[in-house]
$ cat start_11.cif   # mmCIF, C-alpha atoms
data_my_file
loop_
_atom_site.label_atom_id
_atom_site.label_comp_id
_atom_site.auth_asym_id
_atom_site.auth_seq_id
_atom_site.Cartn_x
_atom_site.Cartn_y
_atom_site.Cartn_z
CA MET S 363 124.00 -118.65 129.98
CA SER S 364 122.79 -116.72 126.93
CA LEU S 365 121.81 -118.39 123.70
CA PRO S 366 124.95 -118.75 121.53
CA GLY S 367 123.01 -117.75 118.40
CA LYS S 368 122.42 -114.27 119.83
CA ASN S 369 126.09 -113.78 120.63
CA PRO S 370 128.70 -112.21 118.32
CA ILE S 371 130.26 -114.38 115.66
CA VAL S 372 133.65 -115.74 116.67
CA ILE S 373 134.39 -117.94 113.67
CA GLU S 374 133.14 -117.28 110.16
CA LEU S 375 134.36 -119.45 107.29
CA ARG S 376 133.13 -119.01 103.74
CA GLY S 377 134.13 -121.37 100.94
CA LEU S 378 137.31 -122.23 102.79
CA GLY S 379 139.71 -124.71 101.22
CA LYS S 380 143.18 -126.00 102.00
CA ARG S 381 145.37 -127.90 99.60
CA PHE S 382 148.64 -129.69 100.32
CA GLY S 383 150.30 -130.40 96.98
CA SER S 384 147.49 -131.68 94.77
CA HIS S 385 145.40 -133.01 97.66
CA TRP S 386 142.53 -130.89 98.99
CA VAL S 387 142.32 -131.55 102.72
CA LEU S 388 139.45 -129.08 103.17
CA SER S 389 137.11 -127.84 100.49
CA HIS S 390 134.10 -125.49 100.27
CA LEU S 391 133.79 -125.20 104.03
CA ASP S 392 131.17 -122.81 105.37
CA LEU S 393 130.89 -122.46 109.12
CA THR S 394 129.68 -119.94 111.66
CA VAL S 395 130.37 -120.30 115.36
CA HIS S 396 129.02 -117.82 117.89
CA ALA S 397 130.63 -116.74 121.15
CA GLY S 398 129.96 -119.19 123.94
CA GLU S 399 129.34 -122.20 121.71
CA VAL S 400 131.10 -125.44 122.54
CA VAL S 401 131.52 -127.42 119.35
CA ALA S 402 132.77 -130.97 118.95
CA LEU S 403 134.58 -131.76 115.74
CA PHE S 404 134.51 -135.40 114.75
CA GLY S 405 135.83 -137.11 111.69
CA ARG S 406 137.98 -140.00 110.62
CA ASN S 407 141.75 -139.74 110.41
CA GLY S 408 142.70 -137.46 107.52
CA SER S 409 139.29 -135.79 107.40
CA GLY S 410 140.89 -132.38 108.00
CA LYS S 411 140.16 -131.73 111.70
CA SER S 412 143.69 -130.75 112.67
CA THR S 413 144.17 -128.69 109.52
CA LEU S 414 140.98 -126.78 110.27
CA LEU S 415 142.09 -126.10 113.84
CA LYS S 416 145.49 -124.88 112.63
CA ILE S 417 143.84 -122.50 110.19
CA LEU S 418 141.61 -121.20 112.98
CA ALA S 419 144.71 -120.77 115.13
CA THR S 420 146.28 -118.63 112.37
CA LEU S 421 149.11 -121.14 111.98
CA LEU S 422 148.10 -122.17 108.46
CA VAL S 423 146.89 -119.99 105.62
CA PRO S 424 143.88 -121.33 103.68
CA THR S 425 144.35 -121.91 99.97
CA CYS S 426 141.02 -120.30 99.13
CA GLY S 427 137.95 -118.83 100.76
CA SER S 428 137.70 -116.50 103.70
CA CYS S 429 138.36 -117.07 107.36
CA LYS S 430 137.35 -114.44 109.88
CA ILE S 431 138.20 -115.14 113.50
CA LEU S 432 137.36 -113.04 116.54
CA GLY S 433 136.04 -110.25 114.39
CA GLY S 434 139.17 -110.04 112.26
CA GLN S 435 141.48 -108.46 114.85
CA GLU S 436 145.14 -107.76 114.13
CA LEU S 437 147.07 -111.06 114.06
CA ARG S 438 149.07 -110.69 117.27
CA GLU S 439 146.11 -109.35 119.22
CA MET S 440 144.04 -112.24 117.93
CA ARG S 441 146.63 -114.76 119.07
CA LYS S 442 146.48 -113.34 122.58
CA SER S 443 142.79 -114.29 122.66
CA LEU S 444 143.40 -117.77 121.25
CA ARG S 445 144.49 -120.95 122.99
CA ILE S 446 145.31 -124.15 121.15
CA LEU S 447 146.22 -127.59 122.33
CA GLY S 448 147.59 -129.43 119.31
CA HIS S 449 149.26 -132.76 118.73
CA ALA S 450 152.71 -131.33 119.47
CA LYS S 451 153.36 -130.58 123.12
CA GLN S 452 155.58 -127.59 122.37
CA LEU S 453 157.51 -128.06 125.61
CA TYR S 454 161.26 -127.55 126.11
CA THR S 455 162.43 -130.88 127.48
CA GLY S 456 165.62 -129.36 128.95
CA LEU S 457 163.62 -126.94 131.12
CA THR S 458 161.65 -127.76 134.22
CA VAL S 459 157.86 -127.79 134.29
CA LEU S 460 157.76 -124.41 136.05
CA GLU S 461 160.33 -122.85 133.70
CA ASN S 462 158.23 -123.89 130.70
CA LEU S 463 155.19 -122.17 132.16
CA GLN S 464 157.21 -119.13 133.22
CA LEU S 465 158.43 -118.71 129.64
CA THR S 466 154.87 -118.69 128.29
CA ALA S 467 153.75 -116.37 131.08
CA ALA S 468 156.63 -113.97 130.39
CA ILE S 469 155.76 -113.82 126.69
CA ARG S 470 152.08 -113.28 127.42
CA GLY S 471 152.87 -110.74 130.11
CA GLU S 472 151.15 -112.78 132.83
CA GLY S 473 152.26 -112.86 136.44
CA ALA S 474 154.54 -115.67 137.60
CA SER S 475 152.05 -116.59 140.34
CA ASP S 476 149.64 -117.76 137.63
CA CYS S 477 152.07 -120.56 136.78
CA GLU S 478 151.93 -122.16 140.20
CA LEU S 479 148.14 -121.83 140.33
CA SER S 480 147.81 -123.52 136.95
CA LEU S 481 150.08 -126.33 138.04
CA GLN S 482 148.08 -126.83 141.22
CA ARG S 483 144.89 -126.97 139.17
CA LEU S 484 146.36 -129.72 137.00
CA GLY S 485 147.87 -131.64 139.92
CA MET S 486 151.41 -130.94 138.72
CA TYR S 487 152.62 -128.63 141.48
CA GLU S 488 154.74 -131.29 143.16
CA ALA S 489 156.54 -131.96 139.89
CA ARG S 490 157.20 -128.28 139.11
CA HIS S 491 160.97 -128.55 139.50
CA ARG S 492 161.28 -131.70 137.43
CA LYS S 493 162.65 -131.50 133.92
CA VAL S 494 160.02 -132.12 131.26
CA ALA S 495 162.27 -134.82 129.74
CA ALA S 496 161.78 -136.88 132.90
CA LEU S 497 157.95 -136.79 132.77
CA SER S 498 155.57 -139.41 131.42
CA GLU S 499 153.46 -138.58 128.36
CA GLY S 500 150.38 -138.10 130.53
CA MET S 501 152.20 -135.68 132.81
CA LYS S 502 153.47 -133.74 129.80
CA LYS S 503 149.89 -133.43 128.57
CA ARG S 504 148.92 -132.00 131.94
CA VAL S 505 151.72 -129.43 131.66
CA VAL S 506 150.37 -128.45 128.23
CA LEU S 507 146.90 -128.05 129.76
CA ALA S 508 148.43 -125.97 132.56
CA LYS S 509 149.91 -123.69 129.90
CA LEU S 510 146.43 -123.28 128.41
CA LEU S 511 145.19 -122.02 131.75
CA LEU S 512 147.70 -119.16 131.90
CA GLY S 513 145.85 -115.90 131.45
CA LYS S 514 142.63 -117.76 130.79
CA GLU S 515 140.63 -114.56 131.30
CA SER S 516 142.02 -113.25 128.00
CA ALA S 517 141.18 -116.46 126.12
CA ASP S 518 138.07 -116.05 123.95
CA LEU S 519 138.54 -119.00 121.65
CA ILE S 520 139.94 -122.35 122.81
CA LEU S 521 140.91 -124.99 120.24
CA LEU S 522 141.55 -128.51 121.47
CA ASP S 523 142.89 -131.15 119.12
CA GLU S 524 142.41 -134.60 120.62
CA PRO S 525 143.11 -133.65 124.22
CA HIS S 526 142.19 -137.01 125.78
CA PRO S 527 144.91 -139.43 124.59
CA ALA S 528 147.73 -140.03 127.11
CA LEU S 529 145.66 -138.67 129.99
CA ASP S 530 144.88 -141.07 132.81
CA VAL S 531 141.48 -141.28 134.52
CA ALA S 532 142.32 -138.43 136.91
CA GLY S 533 143.65 -136.32 134.05
CA ARG S 534 140.47 -136.89 132.02
CA LYS S 535 138.40 -135.91 135.02
CA ILE S 536 140.35 -132.64 135.36
CA LEU S 537 139.94 -131.98 131.64
CA GLY S 538 136.19 -132.57 132.00
CA GLU S 539 136.08 -130.05 134.85
CA LEU S 540 138.03 -127.54 132.78
CA LEU S 541 135.58 -127.92 129.89
CA THR S 542 132.65 -127.42 132.25
CA ASN S 543 134.25 -124.30 133.75
CA TRP S 544 135.13 -122.82 130.36
CA ARG S 545 131.57 -123.48 129.18
CA GLN S 546 130.16 -121.71 132.23
CA GLU S 547 132.52 -118.80 131.65
CA GLY S 548 131.15 -118.46 128.12
CA LYS S 549 134.33 -119.39 126.26
CA THR S 550 134.01 -120.52 122.67
CA ILE S 551 135.50 -123.99 122.29
CA LEU S 552 136.21 -126.22 119.31
CA LEU S 553 137.15 -129.70 120.34
CA ALA S 554 138.38 -132.28 117.84
CA SER S 555 138.25 -135.79 119.16
CA HIS S 556 137.59 -139.47 118.55
CA ASP S 557 136.53 -139.97 122.13
CA HIS S 558 132.76 -139.62 121.65
CA GLU S 559 131.60 -140.48 125.15
CA GLN S 560 134.05 -138.12 126.82
CA VAL S 561 133.15 -135.22 124.58
CA LEU S 562 129.43 -135.31 123.77
CA THR S 563 128.34 -134.47 127.32
CA HIS S 564 130.25 -131.18 127.18
CA VAL S 565 129.18 -129.75 123.82
CA ASP S 566 126.27 -127.77 122.35
CA ARG S 567 126.87 -128.68 118.76
CA LEU S 568 128.48 -131.41 116.73
CA LEU S 569 130.28 -131.15 113.42
CA VAL S 570 131.35 -134.23 111.51
CA LEU S 571 133.97 -133.70 108.83
CA GLU S 572 133.93 -136.07 105.88
CA GLN S 573 136.72 -135.81 103.34
CA GLY S 574 137.25 -132.14 104.01
CA ARG S 575 133.57 -131.15 104.00
CA ILE S 576 130.99 -130.83 106.73
CA GLY S 577 128.94 -134.04 106.69
CA TYR S 578 126.86 -133.25 109.75
CA ASP S 579 126.22 -130.02 111.63
CA GLY S 580 123.66 -130.16 114.39
CA PRO S 581 122.89 -131.12 117.94
CA PRO S 582 125.22 -133.63 119.54
CA SER S 583 123.98 -137.17 119.19
CA MET S 584 125.79 -140.44 119.36
CA THR S 585 124.18 -141.52 116.07
CA ALA S 586 125.72 -138.59 114.22
CA ALA S 587 129.01 -139.09 115.96
CA LEU S 588 129.13 -142.70 114.91
CA ALA S 589 128.68 -141.64 111.29
CA GLU S 590 132.41 -141.00 111.22
CA VAL S 591 133.19 -144.67 111.61
CA LYS S 592 130.96 -145.90 108.81
CA PRO S 593 132.93 -147.39 105.93
CA MET V 375 158.56 -101.47 124.13
CA ASN V 376 158.38 -103.09 127.54
CA ASP V 377 156.64 -106.11 126.00
CA PHE V 378 159.36 -106.33 123.37
CA ILE V 379 162.21 -106.27 125.90
CA ARG V 380 160.44 -108.71 128.22
CA GLN V 381 159.85 -111.18 125.40
CA ALA V 382 163.39 -110.90 123.97
CA TRP V 383 164.82 -111.37 127.46
CA ALA V 384 162.59 -114.41 128.08
CA ILE V 385 163.90 -116.07 124.90
CA PHE V 386 167.52 -115.20 125.76
CA ARG V 387 167.11 -116.51 129.33
CA LYS V 388 165.50 -119.72 128.10
CA ASP V 389 168.25 -120.34 125.53
CA VAL V 390 171.04 -119.65 128.03
CA LEU V 391 169.45 -122.07 130.52
CA LEU V 392 169.21 -124.76 127.85
CA GLU V 393 172.82 -124.16 126.74
CA ILE V 394 174.14 -124.30 130.31
CA ARG V 395 172.32 -127.59 130.86
CA GLU V 396 173.69 -128.99 127.62
CA LEU V 397 177.27 -127.76 127.88
CA ARG V 398 178.47 -130.58 125.69
CA HIS V 399 177.28 -128.62 122.68
CA PHE V 400 179.37 -125.59 123.59
CA PHE V 401 182.42 -127.77 124.23
CA ALA V 402 181.93 -129.52 120.89
CA VAL V 403 181.89 -126.16 119.09
CA LEU V 404 184.89 -124.94 121.07
CA LEU V 405 186.80 -128.13 120.28
CA PHE V 406 185.96 -127.66 116.61
CA GLY V 407 187.32 -124.11 116.72
CA VAL V 408 190.50 -125.26 118.48
CA LEU V 409 191.02 -128.02 115.93
CA MET V 410 190.56 -125.57 113.07
CA MET V 411 193.18 -123.24 114.54
CA LEU V 412 195.60 -126.11 115.09
CA LEU V 413 195.09 -127.46 111.57
CA PHE V 414 195.62 -124.03 110.02
CA SER V 415 198.74 -123.56 112.07
CA PHE V 416 200.22 -126.97 111.18
CA ALA V 417 199.18 -126.91 107.53
CA LEU V 418 200.67 -123.48 106.96
CA SER V 419 203.92 -123.81 108.87
CA VAL V 420 205.77 -121.12 106.98
CA ASP V 421 207.86 -118.14 107.91
CA PRO V 422 206.70 -116.74 111.34
CA ASP V 423 206.25 -113.24 109.87
CA VAL V 424 203.98 -114.58 107.13
CA MET V 425 202.09 -116.62 109.75
CA ARG V 426 201.54 -113.51 111.86
CA LYS V 427 200.13 -111.68 108.84
CA MET V 428 197.79 -114.57 108.08
CA ALA V 429 196.67 -115.06 111.67
CA PRO V 430 193.62 -112.69 111.65
CA GLY V 431 192.21 -114.30 108.51
CA LEU V 432 192.70 -117.80 109.85
CA PHE V 433 191.25 -116.81 113.23
CA TRP V 434 188.08 -115.41 111.62
CA LEU V 435 187.71 -118.46 109.40
CA ALA V 436 187.90 -120.73 112.45
CA VAL V 437 185.37 -118.54 114.27
CA LEU V 438 183.07 -118.47 111.26
CA PHE V 439 183.02 -122.24 110.78
CA ALA V 440 182.56 -122.88 114.49
CA SER V 441 179.83 -120.22 114.67
CA LEU V 442 177.98 -121.96 111.91
CA LEU V 443 177.51 -125.00 114.16
CA SER V 444 176.08 -122.89 116.96
CA LEU V 445 173.86 -120.85 114.62
CA ASP V 446 172.37 -124.02 113.19
CA HIS V 447 171.86 -125.37 116.69
CA SER V 448 170.25 -122.20 118.01
CA PHE V 449 166.85 -122.83 116.38
CA ARG V 450 166.76 -126.58 116.88
CA SER V 451 165.01 -126.22 120.22
CA GLU V 452 162.22 -124.34 118.45
CA THR V 453 161.55 -126.96 115.80
CA GLU V 454 161.85 -130.27 117.70
CA ASP V 455 158.21 -130.29 118.82
CA GLU V 456 156.73 -127.22 117.12
CA GLN V 457 157.83 -124.94 119.97
CA TRP V 458 158.05 -122.08 117.49
CA GLU V 459 154.27 -122.30 116.94
CA GLY V 460 153.83 -122.33 120.70
CA LEU V 461 155.77 -119.07 120.98
CA LEU V 462 153.70 -117.46 118.23
CA MET V 463 150.47 -118.58 119.87
CA ALA V 464 151.68 -117.12 123.17
CA GLY V 465 151.77 -113.82 121.29
CA ILE V 466 155.50 -113.32 120.80
CA ASP V 467 156.61 -110.46 118.61
CA PRO V 468 158.71 -112.11 115.85
CA LYS V 469 161.23 -109.27 116.18
CA ALA V 470 161.60 -110.02 119.90
CA LEU V 471 162.19 -113.67 119.03
CA TYR V 472 164.91 -112.58 116.61
CA VAL V 473 166.57 -110.26 119.11
CA GLY V 474 166.45 -112.92 121.86
CA LYS V 475 168.11 -115.43 119.55
CA LEU V 476 170.62 -112.82 118.38
CA LEU V 477 171.65 -112.12 121.98
CA THR V 478 172.16 -115.84 122.60
CA ASN V 479 174.22 -116.29 119.45
CA LEU V 480 176.26 -113.16 120.08
CA SER V 481 177.07 -114.30 123.62
CA PHE V 482 177.98 -117.74 122.36
CA VAL V 483 180.24 -116.51 119.55
CA SER V 484 181.86 -113.84 121.74
CA LEU V 485 182.68 -116.43 124.39
CA LEU V 486 184.06 -118.71 121.72
CA GLN V 487 186.30 -115.91 120.43
CA LEU V 488 187.51 -115.07 123.93
CA LEU V 489 188.59 -118.66 124.43
CA LEU V 490 190.21 -118.98 121.00
CA LEU V 491 192.09 -115.71 121.26
CA PRO V 492 194.86 -116.92 123.60
CA LEU V 493 195.34 -119.96 121.38
CA MET V 494 195.83 -117.69 118.38
CA ALA V 495 198.37 -115.66 120.34
CA ILE V 496 200.35 -118.80 121.22
CA LEU V 497 200.17 -120.49 117.82
CA PHE V 498 200.99 -117.40 115.79
CA ASP V 499 203.23 -115.66 118.31
CA LEU V 500 201.10 -112.51 118.63
CA ALA V 501 200.82 -109.90 121.37
CA LEU V 502 197.15 -109.29 122.20
CA THR V 503 195.82 -105.79 122.79
CA PRO V 504 192.70 -104.75 124.78
CA SER V 505 191.29 -102.95 121.71
CA LEU V 506 190.93 -106.37 120.09
CA LEU V 507 187.91 -107.08 122.31
CA GLY V 508 185.89 -104.24 120.80
CA VAL V 509 186.95 -105.23 117.31
CA LEU V 510 185.93 -108.83 117.85
CA LEU V 511 182.57 -107.77 119.26
CA LEU V 512 181.86 -105.65 116.19
CA GLY V 513 182.83 -108.50 113.88
CA SER V 514 180.84 -111.15 115.72
CA PHE V 515 177.81 -108.84 115.80
CA GLY V 516 177.94 -108.69 112.00
CA VAL V 517 178.25 -112.47 111.73
CA THR V 518 175.43 -113.19 114.18
CA THR V 519 172.91 -110.58 112.97
CA LEU V 520 172.74 -112.15 109.56
CA GLY V 521 173.53 -115.66 110.83
CA THR V 522 170.57 -115.60 113.23
CA LEU V 523 168.17 -114.50 110.50
CA TYR V 524 169.34 -117.18 108.07
CA ALA V 525 169.42 -119.87 110.75
CA GLY V 526 165.79 -119.03 111.55
CA VAL V 527 164.75 -119.08 107.92
CA THR V 528 166.40 -122.45 107.23
CA ALA V 529 165.48 -124.00 110.59
CA THR V 530 162.58 -126.05 109.24
CA PHE V 531 164.35 -127.26 106.10
CA HIS V 532 165.66 -130.81 105.92
CA GLU V 533 168.80 -129.61 104.17
CA ARG V 534 169.41 -126.74 106.57
CA GLN V 535 172.98 -127.75 107.42
CA MET V 536 173.91 -127.41 103.77
CA LEU V 537 171.68 -124.44 103.01
CA LEU V 538 172.80 -122.25 105.89
CA PRO V 539 176.45 -121.83 104.77
CA LEU V 540 175.40 -121.61 101.12
CA LEU V 541 173.11 -118.69 101.86
CA LEU V 542 175.13 -117.07 104.61
CA PHE V 543 178.74 -117.10 103.46
CA PRO V 544 178.31 -114.94 100.34
CA MET V 545 176.40 -112.34 102.36
CA LEU V 546 179.07 -112.30 105.04
CA VAL V 547 181.97 -111.51 102.73
CA PRO V 548 182.01 -107.74 103.47
CA VAL V 549 181.76 -108.28 107.23
CA LEU V 550 184.47 -110.92 107.11
CA LEU V 551 186.81 -108.75 105.04
CA ALA V 552 186.34 -105.77 107.32
CA SER V 553 186.69 -107.89 110.47
CA VAL V 554 189.94 -109.46 109.25
CA LYS V 555 191.36 -106.09 108.28
CA VAL V 556 190.42 -104.41 111.55
CA THR V 557 191.76 -107.35 113.57
CA GLU V 558 195.00 -107.23 111.60
CA LEU V 559 195.35 -103.51 112.27
CA ALA V 560 194.46 -103.86 115.94
CA LEU V 561 197.20 -106.45 116.33
CA ALA V 562 199.58 -104.04 114.63
CA HIS V 563 198.71 -101.37 117.29
CA ASP V 564 197.50 -98.99 114.62
CA LEU V 565 193.85 -99.00 115.44
CA PHE V 566 193.14 -95.29 115.38
CA GLY V 567 195.23 -94.25 112.43
CA GLN V 568 194.04 -94.86 108.89
CA GLN V 569 192.26 -97.96 110.18
CA MET V 570 189.37 -96.04 111.67
CA ALA V 571 187.81 -96.14 108.21
CA TRP V 572 187.58 -99.94 108.42
CA ILE V 573 185.92 -99.75 111.79
CA ARG V 574 183.38 -97.31 110.41
CA LEU V 575 182.75 -99.61 107.48
CA LEU V 576 182.23 -102.58 109.81
CA PHE V 577 179.89 -100.49 111.95
CA VAL V 578 177.85 -99.55 108.88
CA PHE V 579 177.60 -103.19 107.79
CA ASP V 580 176.53 -104.21 111.30
CA THR V 581 173.86 -101.51 111.44
CA VAL V 582 172.48 -102.25 107.97
CA PHE V 583 172.45 -105.99 108.58
CA PHE V 584 170.80 -105.58 111.99
CA LEU V 585 168.05 -103.24 110.82
CA GLY V 586 167.44 -105.29 107.67
CA SER V 587 167.27 -108.53 109.64
CA LEU V 588 164.92 -106.99 112.19
CA LEU V 589 162.53 -105.90 109.46
CA LEU V 590 162.68 -109.25 107.69
CA ALA V 591 162.23 -111.17 110.96
CA GLU V 592 158.83 -109.51 111.33
CA ILE V 593 157.73 -111.35 108.18
CA LEU V 594 159.92 -114.44 108.08
CA PHE V 595 159.62 -115.46 111.74
CA ASP V 596 155.86 -115.17 111.86
CA GLY V 597 154.99 -118.74 110.86
CA ALA V 598 151.85 -118.54 108.74
#

$ encode --input "start_11.cif" --output "structure tokens"
Amino acid sequence: MSLPGKNPIVIELRGLGKRFGSHWVLSHLDLTVHAGEVVALFGRNGSGKSTLLKILATLLVPTCGSCKILGGQELREMRKSLRILGHAKQLYTGLTVLENLQLTAAIRGEGASDCELSLQRLGMYEARHRKVAALSEGMKKRVVLAKLLLGKESADLILLDEPHPALDVAGRKILGELLTNWRQEGKTILLASHDHEQVLTHVDRLLVLEQGRIGYDGPPSMTAALAEVKP
Amino acid sequence: MNDFIRQAWAIFRKDVLLEIRELRHFFAVLLFGVLMMLLFSFALSVDPDVMRKMAPGLFWLAVLFASLLSLDHSFRSETEDEQWEGLLMAGIDPKALYVGKLLTNLSFVSLLQLLLLPLMAILFDLALTPSLLGVLLLGSFGVTTLGTLYAGVTATFHERQMLLPLLLFPMLVPVLLASVKVTELALAHDLFGQQMAWIRLLFVFDTVFFLGSLLLAEILFDGA
């Protein structure tokens, strides 16, 4: 694995800010992430983690500052190289598990065989003909992760917003394996979480957001991670 | 182009599957349309000749109100759990999303019209002609091109059920007028006489609305 610092820049934020009404959720944010870096994003509730990930995913426009992702490609091309797991599951509950994946695959132009492989990887193959409405929350989360795996070769930047909740022990183990694989494949990953122990073993770098600003940016350490819970 | 067609077809297929599995929605809209026709017929029980003359207008009003329910419903599946964002992140072309939704709405409204047509014939004592089918398709295309765009734009608003008719109805006046006139003339078996002008006018409205909506969808359906 090459040193991330020598790799091209994947994320470059300069003076970035985001305001909702009169409240600044993010302010004066400067950040550079190189290809192949796996970055954990910690911070208390409301510190701006999800907002930052949505801006990086091109789903929110910053109020000020600049945000250059994946070298500033054209929006739709950029989205093809992005994967995001957010709070919303974005599944159609009236469709089956397989139909949900087939829809994403059809839009991305991926082969239908990818869907079954992804489901097998997530241990959801047996449930592929079940409607999403009939699944538990943990199973739905696995389906969302299976969607992330579709066309993973084209994914350069993976954004994960609190992926651990709702997953059972086996699901967390699979997620851990996915993170390890992605890291070995040189994917750039930003992972927002409150689950310090689950995350710190997988990352190269830790960012702690405090009231919309970066409070810590450095090597992963439990001490820094715990800074987010100080009063 | 292939990507565009594949994506539009994927959205259409997904929507049709969801509609088939939730048929109660279609039946509710159909029942609403039937009730509208019955109410119009009972409320305006006048001379049969006058009724026959009013029938196309009343038919299109019933179709328009019923269509509004289905247009509003058509984007609900994209906003329940941020599915729209999921489609954008999968790399969908906003224009393909629009065309997929348009195909769904057009199929829905056309089916609704087909089922309401015999009822109109019975209630207003009219003889149906095959040319009516083409006329209805042209009219419903006009209603759904603009209706799909506006339904998408208002989909995330809390007041969307009120906003959609407020925004849509004024814009639909020319399509509605032309559709009523052409339907009236088709029922009078005079479709290719002086009435061809109305068909041309309807065709122009349909084309302008479709191209305009397609261009706007590129911007308005793109989330951020």

$ resolve_selection --input "start_11.cif" --expression "the PyMOL selection byres ((chain S) within 12 of (chain V))" --output "ChimeraX atom specification"
/S:416-424,436-458,461-472,493,506,509-514,516-517,520-521

$ atom_distance --input "start_11.cif" --atom1 "atom CA of V:Val517" --atom2 "atom CA of V:Phe543"
9.5 Å

$ resolve_selection --input "start_11.cif" --expression "the PyMOL selection byres ((chain S and resi 389) around 7)" --output "number ranges by chain"
S: 378-380, 386-388, 390-391, 574-575

$ write_last_selection --input "start_11.cif" --atoms "C-alpha atoms" --output "CSV table (one decimal), in the frame of the given file"
chain,number,residue,atom,x,y,z
S,378,LEU,CA,137.3,-122.2,102.8
S,379,GLY,CA,139.7,-124.7,101.2
S,380,LYS,CA,143.2,-126.0,102.0
S,386,TRP,CA,142.5,-130.9,99.0
S,387,VAL,CA,142.3,-131.6,102.7
S,388,LEU,CA,139.4,-129.1,103.2
S,390,HIS,CA,134.1,-125.5,100.3
S,391,LEU,CA,133.8,-125.2,104.0
S,574,GLY,CA,137.2,-132.1,104.0
S,575,ARG,CA,133.6,-131.2,104.0

$ residues_around --input "start_11.cif" --residues "stretch 550-560 of chain V" --least-positions-apart "5" --cutoff "7 Å" --atoms "only C-alpha atoms" --output "mmCIF file with C-alpha atoms, in the coordinates of the input"
data_model
loop_
_atom_site.group_PDB
_atom_site.id
_atom_site.type_symbol
_atom_site.label_atom_id
_atom_site.label_comp_id
_atom_site.auth_asym_id
_atom_site.auth_seq_id
_atom_site.Cartn_x
_atom_site.Cartn_y
_atom_site.Cartn_z
ATOM 1 C CA PRO V 430 193.620 -112.690 111.650
ATOM 2 C CA GLY V 431 192.210 -114.300 108.510
ATOM 3 C CA TRP V 434 188.080 -115.410 111.620
ATOM 4 C CA SER V 505 191.290 -102.950 121.710
ATOM 5 C CA LEU V 506 190.930 -106.370 120.090
ATOM 6 C CA VAL V 509 186.950 -105.230 117.310
ATOM 7 C CA GLY V 513 182.830 -108.500 113.880
ATOM 8 C CA LEU V 565 193.850 -99.000 115.440
ATOM 9 C CA GLN V 569 192.260 -97.960 110.180
ATOM 10 C CA TRP V 572 187.580 -99.940 108.420
ATOM 11 C CA ILE V 573 185.920 -99.750 111.790
ATOM 12 C CA LEU V 576 182.230 -102.580 109.810
#

$ axis_aligned_box --input "start_11.cif" --around "stretch 445-450 of chain V" --padding-each-side "4 Å" --output "JSON"
{"center_x": 170.3, "center_y": -123.7, "center_z": 115.6, "size_x": 15.1, "size_y": 13.7, "size_z": 12.8}

$ resolve_selection --input "start_11.cif" --expression "the PyMOL selection byres ((chain S and resi 546-555) around 8)" --output "ChimeraX atom specification"
/S:363,372,396-405,411-412,517-526,542-545,556-558,561

$ atom_distance --input "start_11.cif" --atom1 "atom CA of V:Ser484" --atom2 "atom CA of V:Glu533"
27.0 Å

$ residues_around --input "start_11.cif" --residues "stretch 500-503 of chain V" --least-positions-apart "3" --cutoff "8 Å" --atoms "all atoms listed in the file" --output "PDB file with C-alpha atoms, in the coordinates of the input"
ATOM      1  CA  ARG V 426     201.540-113.510 111.860  1.00  0.00           C
ATOM      2  CA  MET V 494     195.830-117.690 118.380  1.00  0.00           C
ATOM      3  CA  ALA V 495     198.370-115.660 120.340  1.00  0.00           C
ATOM      4  CA  ILE V 496     200.350-118.800 121.220  1.00  0.00           C
ATOM      5  CA  LEU V 506     190.930-106.370 120.090  1.00  0.00           C
ATOM      6  CA  ALA V 560     194.460-103.860 115.940  1.00  0.00           C
ATOM      7  CA  LEU V 561     197.200-106.450 116.330  1.00  0.00           C
ATOM      8  CA  HIS V 563     198.710-101.370 117.290  1.00  0.00           C
TER       9      HIS V 563
END

$ atom_distance --input "start_11.cif" --atom1 "atom CA of V:Asp499" --atom2 "atom CA of V:Leu575"
28.2 Å

$ build_atoms --input "start_11.cif" --residues "stretch 571-577 of chain S" --atoms "N, CA and C atoms" --output "PDB file, in the frame of the given file"
ATOM      1  N   LEU S 571     133.278-133.982 110.092  1.00  0.00           N
ATOM      2  CA  LEU S 571     133.970-133.700 108.830  1.00  0.00           C
ATOM      3  C   LEU S 571     134.116-134.986 108.037  1.00  0.00           C
ATOM      4  N   GLU S 572     133.765-134.912 106.770  1.00  0.00           N
ATOM      5  CA  GLU S 572     133.930-136.070 105.880  1.00  0.00           C
ATOM      6  C   GLU S 572     134.686-135.621 104.645  1.00  0.00           C
ATOM      7  N   GLN S 573     135.866-136.135 104.493  1.00  0.00           N
ATOM      8  CA  GLN S 573     136.720-135.810 103.340  1.00  0.00           C
ATOM      9  C   GLN S 573     136.787-134.297 103.083  1.00  0.00           C
ATOM     10  N   GLY S 574     137.024-133.571 104.140  1.00  0.00           N
ATOM     11  CA  GLY S 574     137.250-132.140 104.010  1.00  0.00           C
ATOM     12  C   GLY S 574     136.003-131.295 103.912  1.00  0.00           C
ATOM     13  N   ARG S 575     134.832-131.896 104.030  1.00  0.00           N
ATOM     14  CA  ARG S 575     133.570-131.150 104.000  1.00  0.00           C
ATOM     15  C   ARG S 575     132.762-131.471 105.246  1.00  0.00           C
ATOM     16  N   ILE S 576     131.822-130.575 105.558  1.00  0.00           N
ATOM     17  CA  ILE S 576     130.990-130.830 106.730  1.00  0.00           C
ATOM     18  C   ILE S 576     129.885-131.812 106.358  1.00  0.00           C
ATOM     19  N   GLY S 577     129.930-133.002 106.986  1.00  0.00           N
ATOM     20  CA  GLY S 577     128.940-134.040 106.690  1.00  0.00           C
ATOM     21  C   GLY S 577     127.742-133.942 107.613  1.00  0.00           C
TER      22      GLY S 577
END
